[in-house]
Each structure stands twice: as C-alpha cells, then as structure tokens.
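**Q** Here's a structure for you.
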Number of protein chains: 2
Amino acid sequence: MSILVVGSVAFDCIKTPLGEVKNGLGGSATYFSLAASFFSKVNLVAVVGDDFTASHEALFHKHGVDLRGLQRRPGKSFFWSGEYGENLNECVTRDTQLNVFAEFAPEIPREYQSTEFVFLANIDPTLQHAVMRQVKKPKLVALDTMNYWIHHTPEELRKTLRLVDLLMINDNEARLLTGQSNVVAAAEKILTLGPRTLVVKRGEYGVSMFRKGSTFVAPAFPLKRVCDPTGAGDSFAGGFMGYLAATGAVNEANLRRAVVYGSVMASFKVEDFTFKRLLGLRRSEIDGRFRQFEKLTHFDGNSRKPL
Amino acid sequence: MSILVVGSVAFDCIKTPLGEVKNGLGGSATYFSLAASFFSKVNLVAVVGDDFTASHEALFHKHGVDLRGLQRRPGKSFFWSGEYGENLNECVTRDTQLNVFAEFAPEIPREYQSTEFVFLANIDPTLQHAVMRQVKKPKLVALDTMNYWIHHTPEELRKTLRLVDLLMINDNEARLLTGQSNVVAAAEKILTLGPRTLVVKRGEYGVSMFRKGSTFVAPAFPLKRVCDPTGAGDSFAGGFMGYLAATGAVNEANLRRAVVYGSVMASFKVEDFTFKRLLGLRRSEIDGRFRQFEKLTHFDGNSRKPL
C-alpha cells in the first residue's frame with residue numbers, strides 16, 4: 001500500500017559540533033519520504049520555490065517518490081537555519097523564512113486521494129484539517145505537531161486531532177498539550193482526544209508508544225558519533241509509516257515493529273548531515289540494524305525464578 | 001550466595017511535589033540492602049550514631065539483613081536534606097551533615113570477608129579501596145560513585161576502578177569521568193579503565209549496560225505517578241546485585257535479567273516516599289512486574305521482511 005505525506009520541502013543551514021551544511025535540501029516531507037521510500041511508494045504534497053531544481057527532483061524520483069502533488073511557486077522555498085549544542089539534544093533556531101510556504105494550501109491530486117496511509121507532517125493544524133477533507137477513508141492517519149501550534153492554534157489542533165488515528169510528538173509536546181508533567185499521565189489524557197495510538201519521541205532516549213491497554217518502549221540505537229539530528233523525527237515517521245504501509249495491517253505486533261523500523265531509519269539519518277546516509281542505504285543494512293535492535297533489547301525471562 | 005554492601009545509613013529530609021518526609025531512614029546501604037533482601041542474604045557495613053534505634057535495627061532484621069558490620073558511634077548519623085522540582089529529574093541538596101560518617105573507616109567482619117558479591121556504594125574511593133583490601137576473592141565487585149569523587153579524588157577513583165568488575169553510574173557521571181559528551185563513546189573509554197561491565201543509570205529513561213561486544217538497554221517502568229526518587233539508584237543496584245547473587249552466575253543472560261530486576265525494584269521504590277513501598281512488597285509482585293517489562297519491550301522480529 002502507499003503513503004501520502006503532506007509537509008514541507010525546505011532548504012536548511014545546519015551547524016552541529018561536527019560541521020556545517022549550507023542550503024541543504026530538507027524539510028519534514030523530504031526526510032519522511034526518503035526514509036519511507038525503502039518500504040513503500042510515497043506520494044508527496046508540499047510547495048517549493050524556484051530554488052528547487054531538476055537535480056532535487058531527480059533525487060526524489062530516484063527513490064520512487066511521486067511529485068505530482070508538489071506545488072511550484074515563484075519565489076524561494078521554506079528556509080530554516082539552526083545550530084546544535086555540544087550534546088545535540090538542544091537546537092537554537094537562527095532563522096526561519098516561510099517564503100512560498102506562507103501561502104501553502106495543500107491540494108491533494110485525485111490520484112492521491114485514496115492513498116491508504118496518510119502522514120500529516122508538522123504544519124498548521126488548519127491545513128492538516130484541510131487535507132482530511134480531501135482524502136477518502138484512509139486506513140491510518142498519523143499527525144505530527146509542535147509547541148508553536150499547541151500554543152497558537154489549540155482549538156484547530158484539537159479539532160484535527162479528533163480526526164486522526166495516531167499522534168506522533170516528543171515528550172515536551174505531550175506535556176504541553178495536556179498540562180501533565182508526567183508523560184504516562186499525559187499519554188492517558190491524549191488517548192481521550194482522538195488518536196488511539198500515541199508515539200512519543202524522546203530523541204537519544206528512544207520512543208514510547210501508548211495504546212489503550214498496552215505500552216511499548218524502544219531505545220534509540222546507541223551511536224558513538226551523532227552528526228546531525230535534523231529530520232530524525234521525520235525519518236522515524238518515514239520508517240514507521242513505511243513499514244506499516246508495506247505490511248498493510250495496523251495491529252499491535254506491526255505497530256511495535258514499525259516503531260523499531262522507525263528507530264532504525266532515525267539512527268541512520270543522524271549518522272551524517274541532512275539525508276546523506278539515507279541515500280546510500282541498502283535494505284540489507286536496514287534489516288541488519290533491525291536485528292541489532294533485537295539483540296539490544298532482548299532478555300530471556302524463562303529462568304526468572306532462580307530461588 | 002550472599003552480598004556485602006558498604007555504604008551509608010542516614011537520615012533524610014525529602015521534599016517532592018507530592019509531599020515531604022522529615023528525618024526518614026535512608027542512605028545508600030539502606031536502600032540497597034532492602035531491595036536486595038528479596039533475592040539474597042545481605043551483609044551490611046556502615047556507621048550510625050545514637051539516633052539509630054532498636055526499631056531501625058528491627059526493620060533490617062525483618063528483611064534478613066545482617067548488621068554485625070554496622071558500626072555505632074556517639075553522635076548523629078549522616079544527614080541529608082534535598083528537594084525535587086516538578087519533573088523529579090532534578091534535586092537541590094539543601095543540607096548535608098556528615099556527622100559520624102566523617103570518621104567512617106570500613107571494617108569488614110571476618111564473617112563477611114568471603115562474601116561472593118560486593119557492592120561498594122557511593123563513598124570516598126579511598127574507603128572503597130580499603131574494603132577491597134579486606135575481602136577475599138569475591139565473584140563480582142560493583143562500584144558506584146558520583147561527581148564529587150570524580151572531581152576531587154580522580155586518582156584514588158582510577159586506582160579503585162582498576163580493582164572492580166562493574167561500574168554503576170549515571171550518564172552525567174560517565175561523561176564527566178571520560179570527558180566524552182557521547183555516552184557510547186564514554187562507555188567505550190570506561191571499559192578500558194578496569195570494569196568489564198558498565199551500567200549507566202538514566203533515571204526515567206532507563207538503564208544501558210555496556211560490555212565488550214554487547215550492549216543492553218532497558219527502559220524505566222512507565223509510572224503515572226512518581227512520588228520520591230531518593231534511593232532509586234541504590235534500589236536498582238540492590239535488585240541487580242540481589243538477582244545476580246541469587247543465581248550465583250555472572251553471564252550475559254543473567255546480567256540482562258539483573259538489569260531488569262534492578263529496574264523493577266527502582267520502579268517500586270519511587271512509587272512512595274523513602275522505602276515504604278519496598279517494605280510491603282511480595283515476591284510475586286516483583287516477578288509480576290518483571291513480566292510486565294517483558295511485555296513492555298518485546299517485539300517479534302520473525303516477520304520483519306514483509307516486502
């Protein structure tokens with residue numbers, strides 16, 4: 001089955017303790033679709049300016065990403081500039097220029113409207129809501145959001161949340177959305193707002209997935225060298241949704257494996273700047289790291305009563 | 001097999017967002033031995049003052065903790081006062097009074113000297129070193145330490161580290177000890193300093209265990225309400241060492257299960273103030289939560305190639 005992603009395609013300036021990238025292609029929809037492309041066909045809806053060239057387009061096509069939903073407008077694409085501190089957990093935004101993204105109104109091409117899996121990347125909840133009106137009975141809709149929308153458009157966000165199956169945010173956003181400092185308590189509250197599944201991203205500490213009656217926790221892959229966290233969350237989402245769409249079935253076992261495949265893709269992503277590491281990736285490497293996750297987390301409970 | 005713990009028995013004033021305890025019994029050796037007592041026999045070496053009464057003694061005896069190594073001195077016991085902030089990850093120390101602990105010189109009773117499992121709780125590395133000279137070929141020696149000793153007695157700490165099998169610290173201590181901001185890189189360095197196993201405690205994010213050629217990561221148990229984190233690390237250590245001593249065998253599979261039993265004991269500990277929750281615990285509750293950890297972390301890798 002295939003995936004529809006609606007989000008941003010952008011150009012980023014990124015500075016981390018290990019180096020710098022100027023005007024590299026980025027954006028939530030870019031990271032998402034490249035990561036997901038290893039598993040499923042991806043239909044992309046976003047907006048770009050004149051600075052998005054044929055070579056950028058070729059990169060998506062090489063990964064089988066469908067760009068018929070990519071709008072082109074005169075002007076510059078979304079631009080973001082950020083700098084990470086020593087421990088890479090904190091990032092200071094130096095500059096944000098919406099440019100053509102300021103007028104973005106997602107139009108879902110007819111050919112995309114029956115896509116089974118939908119990922120609403122982190123954009124204005126009003127736009128996410130507009131997407132929901134254009135799609136036809138998707139099997140699973142997942143939504144990402146951020147502090148800005150929780151603060152500035154709480155009503156629109158709540159309205160959109162009621163329409164989605166899965167919310168994917170980080171732990172601070174979960175706290176902010178609910179006013180609960182305890183993430184487990186926050187999760188319980190979020191599961192009454194619409195989504196039946198909550199995926200909480202905790203950066204280097206991994207991911208927790210909450211559903212009614214079940215919780216799953218996966219660590220982040222332990223890396224000796226983290227180069228650039230930009231897009232890690234969207235790469236996680238890409239691996240997660242990509243795996244689910246490939247299986248076609250949304251059930252507990254698949255969701256758990258999807259969390260691990262998402263973590264695998266995020267772990268590759270952060271090993272190099274922008275999406276460089278994703279481009280060269282082979283499916284065998286992805287499956288190899290999935291198996292490493294099994295070794296990393298496995299303990300044998302059979303002889304748990306030694307006394 | 002049994003365990004020797006050398007550490008502190010103290011009185012604590014604890015304030016958390018959920019309440020307050022004044023002059024409650026505490027200290028690393030107290031939390032450690034109560035948690036370990038569910039698995040193994042514990043021999044305790046520490047020093048207390050006149051404020052340690054028969055009722056405190058009875059509490060240890062009820063848990064089968066041997067107090068023949070507990071020194072009694074005129075004066076007051078070690079005193080600590082601390083206050084936790086809203087998210088419970090940070091604690092401000094309000095007061096520390098060493099009292100009789102200032103002159104503590106661990107003497108290991110002859111009956112304890114052949115104890116197979118030794119836990120050197122967080123005290124001056126010179127004293128930890130002194131313990132090592134008094135014990136006879138233990139099967140496993142684990143050591144805990146903290147920022148203060150890493151800063152103030154780095155040479156003594158390094159000397160003592162060379163003698164122990166396992167180091168148990170938190171992630172900031174691992175960074176400080178090695179000057180590496182990346183915990184995986186820090187772990188690699190620590191494994192060249194003496195210990196063959198490094199257990200990194202990460203509070204609400206769980207525990208990572210590093211050994212040459214293998215890494216294991218376990219989450220913390222997701223709790224909706226955390227009451228008091230004081231002693232969580234020592235309760236983890238107690239469950240960890242207690243399980244290992246009960247099995248008698250130090251191997252990868254047992255070490256992994258020990259991490260989970262340690263996490264189980266820490267999760268019970270934080271549910272109430274001081275060690276209240278540990279006192280009423282049944283072994284069946286401990287094993288029940290161990291099985292919940294299995295459910296929490298398990299994913300099935302068999303159908304990982306759906307394409």
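If you're wondering about the labels, chains in the structure tokens are A, B, ... by order shown, residues count from 1 in each chain, ligands from 1 in order shown.
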As an NGL selection string, please: the residues near B:Ser33 (cut-off 12 Å, only C-alpha atoms, same-chain neighbours under 2 positions excluded).
**A** :B and (2-9 or 26-31 or 35-46 or 59-67 or 118-121 or 231 or 234-242 or 265 or 275 or 278-279)
**Q** Export C-alpha atoms of the chosen residues as a PDB file, in the first residue's frame?
**A**
ATOM      1  CA  SER B   2      25.327 -13.509  49.688  1.00  0.00           C
ATOM      2  CA  ILE B   3      26.176  -9.862  49.228  1.00  0.00           C
ATOM      3  CA  LEU B   4      28.343  -7.406  51.125  1.00  0.00           C
ATOM      4  CA  VAL B   5      27.341  -3.753  50.874  1.00  0.00           C
ATOM      5  CA  VAL B   6      29.484  -0.919  52.185  1.00  0.00           C
ATOM      6  CA  GLY B   7      27.829   2.485  52.142  1.00  0.00           C
ATOM      7  CA  SER B   8      25.807   4.917  54.199  1.00  0.00           C
ATOM      8  CA  VAL B   9      22.921   4.585  56.616  1.00  0.00           C
ATOM      9  CA  GLY B  26      17.752   6.402  54.256  1.00  0.00           C
ATOM     10  CA  GLY B  27      21.265   6.139  52.864  1.00  0.00           C
ATOM     11  CA  SER B  28      22.703   4.077  50.026  1.00  0.00           C
ATOM     12  CA  ALA B  29      23.289   0.922  52.093  1.00  0.00           C
ATOM     13  CA  THR B  30      19.735   1.058  53.435  1.00  0.00           C
ATOM     14  CA  TYR B  31      18.031   1.230  50.032  1.00  0.00           C
ATOM     15  CA  ALA B  35      15.936  -4.057  47.698  1.00  0.00           C
ATOM     16  CA  ALA B  36      18.497  -6.884  47.577  1.00  0.00           C
ATOM     17  CA  SER B  37      16.909  -8.681  50.531  1.00  0.00           C
ATOM     18  CA  PHE B  38      14.103 -10.014  48.307  1.00  0.00           C
ATOM     19  CA  PHE B  39      16.686 -12.080  46.441  1.00  0.00           C
ATOM     20  CA  SER B  40      19.714 -12.757  48.656  1.00  0.00           C
ATOM     21  CA  LYS B  41      21.222 -12.532  52.109  1.00  0.00           C
ATOM     22  CA  VAL B  42      22.866  -9.143  52.686  1.00  0.00           C
ATOM     23  CA  ASN B  43      25.760  -8.235  54.982  1.00  0.00           C
ATOM     24  CA  LEU B  44      25.832  -4.511  55.726  1.00  0.00           C
ATOM     25  CA  VAL B  45      28.836  -2.367  56.667  1.00  0.00           C
ATOM     26  CA  ALA B  46      28.170   1.267  57.562  1.00  0.00           C
ATOM     27  CA  LEU B  59      13.496  -3.155  60.188  1.00  0.00           C
ATOM     28  CA  PHE B  60      16.761  -4.524  58.790  1.00  0.00           C
ATOM     29  CA  HIS B  61      16.464  -7.752  60.752  1.00  0.00           C
ATOM     30  CA  LYS B  62      12.946  -8.297  59.462  1.00  0.00           C
ATOM     31  CA  HIS B  63      14.474  -8.296  55.976  1.00  0.00           C
ATOM     32  CA  GLY B  64      17.236 -10.681  56.976  1.00  0.00           C
ATOM     33  CA  VAL B  65      19.934  -8.033  56.670  1.00  0.00           C
ATOM     34  CA  ASP B  66      22.982  -8.862  58.789  1.00  0.00           C
ATOM     35  CA  LEU B  67      24.092  -5.857  60.883  1.00  0.00           C
ATOM     36  CA  VAL B 118      30.372  -6.969  46.882  1.00  0.00           C
ATOM     37  CA  PHE B 119      28.684  -3.616  46.334  1.00  0.00           C
ATOM     38  CA  LEU B 120      30.757  -0.528  47.073  1.00  0.00           C
ATOM     39  CA  ALA B 121      28.093   2.154  47.348  1.00  0.00           C
ATOM     40  CA  GLY B 231      17.396   5.938  46.650  1.00  0.00           C
ATOM     41  CA  ASP B 234      20.616   2.160  45.130  1.00  0.00           C
ATOM     42  CA  SER B 235      17.366   0.189  44.933  1.00  0.00           C
ATOM     43  CA  PHE B 236      18.241  -0.590  41.316  1.00  0.00           C
ATOM     44  CA  ALA B 237      21.675  -1.751  42.464  1.00  0.00           C
ATOM     45  CA  GLY B 238      20.058  -3.874  45.186  1.00  0.00           C
ATOM     46  CA  GLY B 239      17.749  -5.647  42.761  1.00  0.00           C
ATOM     47  CA  PHE B 240      20.579  -6.047  40.266  1.00  0.00           C
ATOM     48  CA  MET B 241      23.119  -7.494  42.718  1.00  0.00           C
ATOM     49  CA  GLY B 242      20.436  -9.416  44.602  1.00  0.00           C
ATOM     50  CA  MET B 265      12.971  -2.608  42.335  1.00  0.00           C
ATOM     51  CA  PHE B 275      11.481   2.769  51.143  1.00  0.00           C
ATOM     52  CA  LEU B 278       9.719  -1.822  49.323  1.00  0.00           C
ATOM     53  CA  LEU B 279       8.727  -2.879  52.815  1.00  0.00           C
TER      54      LEU B 279
END
**Q** Using only C-alpha atoms, which chain B residues lie at most 7 Å away from chain A, written as a compact mmCIF listing (two decimals) with C-alpha atoms, in the first residue's frame?
**A**
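Now in selection.txt:
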# COMPACT_ATOMS: atom_id res chain seq x y z
CA ASN B 87 9.68 16.93 36.84
CA SER B 181 29.79 14.03 25.72
CA ASN B 182 28.55 10.95 23.84
CA VAL B 184 28.53 5.36 23.94
CA ALA B 185 31.99 6.85 23.45
CA TYR B 205 14.83 6.84 30.62
CA THR B 215 25.07 -3.50 24.73
CA PHE B 216 21.75 -3.93 26.50
CA VAL B 217 19.15 -1.23 27.00
CA ALA B 218 16.15 -1.46 29.31
CA PRO B 219 13.53 1.25 29.81
CA PRO B 222 6.36 3.77 32.92
CA LEU B 223 4.71 5.13 36.05
CA LYS B 224 1.81 7.57 36.09
CA ALA B 246 20.75 -15.47 43.84
CA THR B 247 21.73 -17.05 40.54
CA ALA B 253 21.87 -13.54 30.16
CA ARG B 256 20.48 -8.63 31.46
CA ARG B 257 17.86 -10.12 33.73
CA LEU B 296 6.79 -3.54 27.54
CA THR B 297 9.90 -4.22 25.47
CA PHE B 299 8.67 -7.07 19.62
CA ASP B 300 8.58 -10.00 17.30
CA PRO B 306 7.07 -8.09 4.59
CA LEU B 307 8.01 -6.91 1.11
**Q** Considering only C-alpha atoms, can you say which of A:Arg73, A:His129, A:His152, A:Arg68 comes closest to A:Ala102?
**A**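 Ranked by minimum distance to A:Ala102, first place goes to A:Arg73.
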**Q** Taking only C-alpha atoms into account, which of B:Leu177, B:Met132, B:Val200, B:Ala142 comes nearest B:Arg158?
**A**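 Looking at the shortest contact to B:Arg158, the residue is B:Leu177.
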**Q** Identify, with DSSP run on backbone atoms, the residues in stretch 109-253 of chain A assigned to helix (DSSP H, G or I), and express the list as a PyMOL selection string.
**A** chain A and resi 110-112+125-134+147-152+154-161+171-178+183-190+203-205+232-247+252-253
**Q** One decimal, Å: what's the distance from atom CA of B:Ile190 over to atom CA of B:His151, could you say?
**A**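 These atoms are spaced 16.0 Å apart.
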**Q** Of the candidates B:Pro138, B:Ala174, B:Gly280, B:Gly179, which one gets nearest to B:Val199 if we count only C-alpha atoms?
**A**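 Result for the nearest residue to B:Val199: B:Ala174.
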**Q** When you draw a straight line from atom CA of A:Ala58 to atom CA of A:Thr145, how long is it in Å?
**A** 28.8 Å
**Q** Please provide the set of residues having any atom within 10 Å of B:Arg277, restricted to only C-alpha atoms, with same-chain residues fewer than 6 positions apart removed, written as a list in words.
**A**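 Counting only C-alpha atoms, the residues come to Met265, Ser267, Phe268, Lys269, Val270 and Glu271 of chain B.
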**Q** Could you pull the residues within 8 Å of A:Leu167, counting only C-alpha atoms, minus those fewer than 6 positions along the same chain, as an MDAnalysis selection string?
**A** chainID A and resid 142:144 161 195 197:199
**Q** Could you turn the residues from that selection into a file that holds N, CA and C atoms, as a PDB file, in the first residue's frame?
**A**
ATOM      1  N   ALA A 142      -1.718   9.564  10.517  1.00  0.00           N
ATOM      2  CA  ALA A 142      -0.840   9.956  11.626  1.00  0.00           C
ATOM      3  C   ALA A 142      -0.532  11.441  11.505  1.00  0.00           C
ATOM      4  N   LEU A 143      -0.423  12.091  12.656  1.00  0.00           N
ATOM      5  CA  LEU A 143      -0.206  13.536  12.673  1.00  0.00           C
ATOM      6  C   LEU A 143       0.971  13.889  13.570  1.00  0.00           C
ATOM      7  N   ASP A 144       1.789  14.805  13.104  1.00  0.00           N
ATOM      8  CA  ASP A 144       2.876  15.371  13.906  1.00  0.00           C
ATOM      9  C   ASP A 144       2.525  16.837  14.141  1.00  0.00           C
ATOM     10  N   LEU A 161      -7.132  16.775  15.733  1.00  0.00           N
ATOM     11  CA  LEU A 161      -6.753  15.563  16.478  1.00  0.00           C
ATOM     12  C   LEU A 161      -7.898  14.549  16.522  1.00  0.00           C
ATOM     13  N   PRO A 195      -6.751  10.396  18.929  1.00  0.00           N
ATOM     14  CA  PRO A 195      -5.850   9.331  18.469  1.00  0.00           C
ATOM     15  C   PRO A 195      -5.942   8.093  19.368  1.00  0.00           C
ATOM     16  N   THR A 197      -3.588   5.820  19.140  1.00  0.00           N
ATOM     17  CA  THR A 197      -2.186   5.472  19.368  1.00  0.00           C
ATOM     18  C   THR A 197      -1.380   6.756  19.512  1.00  0.00           C
ATOM     19  N   LEU A 198      -0.533   6.781  20.541  1.00  0.00           N
ATOM     20  CA  LEU A 198       0.354   7.926  20.742  1.00  0.00           C
ATOM     21  C   LEU A 198       1.793   7.432  20.680  1.00  0.00           C
ATOM     22  N   VAL A 199       2.580   8.050  19.814  1.00  0.00           N
ATOM     23  CA  VAL A 199       4.002   7.715  19.740  1.00  0.00           C
ATOM     24  C   VAL A 199       4.784   8.921  20.260  1.00  0.00           C
TER      25      VAL A 199
END
**Q** Which neighbours of B:Phe79 fall inside 6 Å, counting only C-alpha atoms, when residues of the same chain fewer than 5 positions from it are skipped, and could you give them as a ChimeraX atom specification?
**A** /B:10-12,96-97
**Q** Write out the residues from the selection above, keeping C-alpha atoms, as a PDB file, in the first residue's frame.
**A**
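Contents of result04.pdb, as written:
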ATOM      1  CA  ALA B  10      21.487   8.050  57.007  1.00  0.00           C
ATOM      2  CA  PHE B  11      18.540  10.187  57.946  1.00  0.00           C
ATOM      3  CA  ASP B  12      16.953  12.242  55.179  1.00  0.00           C
ATOM      4  CA  THR B  96      24.470  17.622  54.156  1.00  0.00           C
ATOM      5  CA  GLN B  97      25.897  16.793  57.584  1.00  0.00           C
TER       6      GLN B  97
END
**Q** Using only C-alpha atoms, which of the listed residues (B:Leu140, B:Pro109, B:Val100, B:Glu57) sits closest to B:Asn251?
**A**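 Counting only C-alpha atoms, the residue closest to B:Asn251 is B:Leu140.
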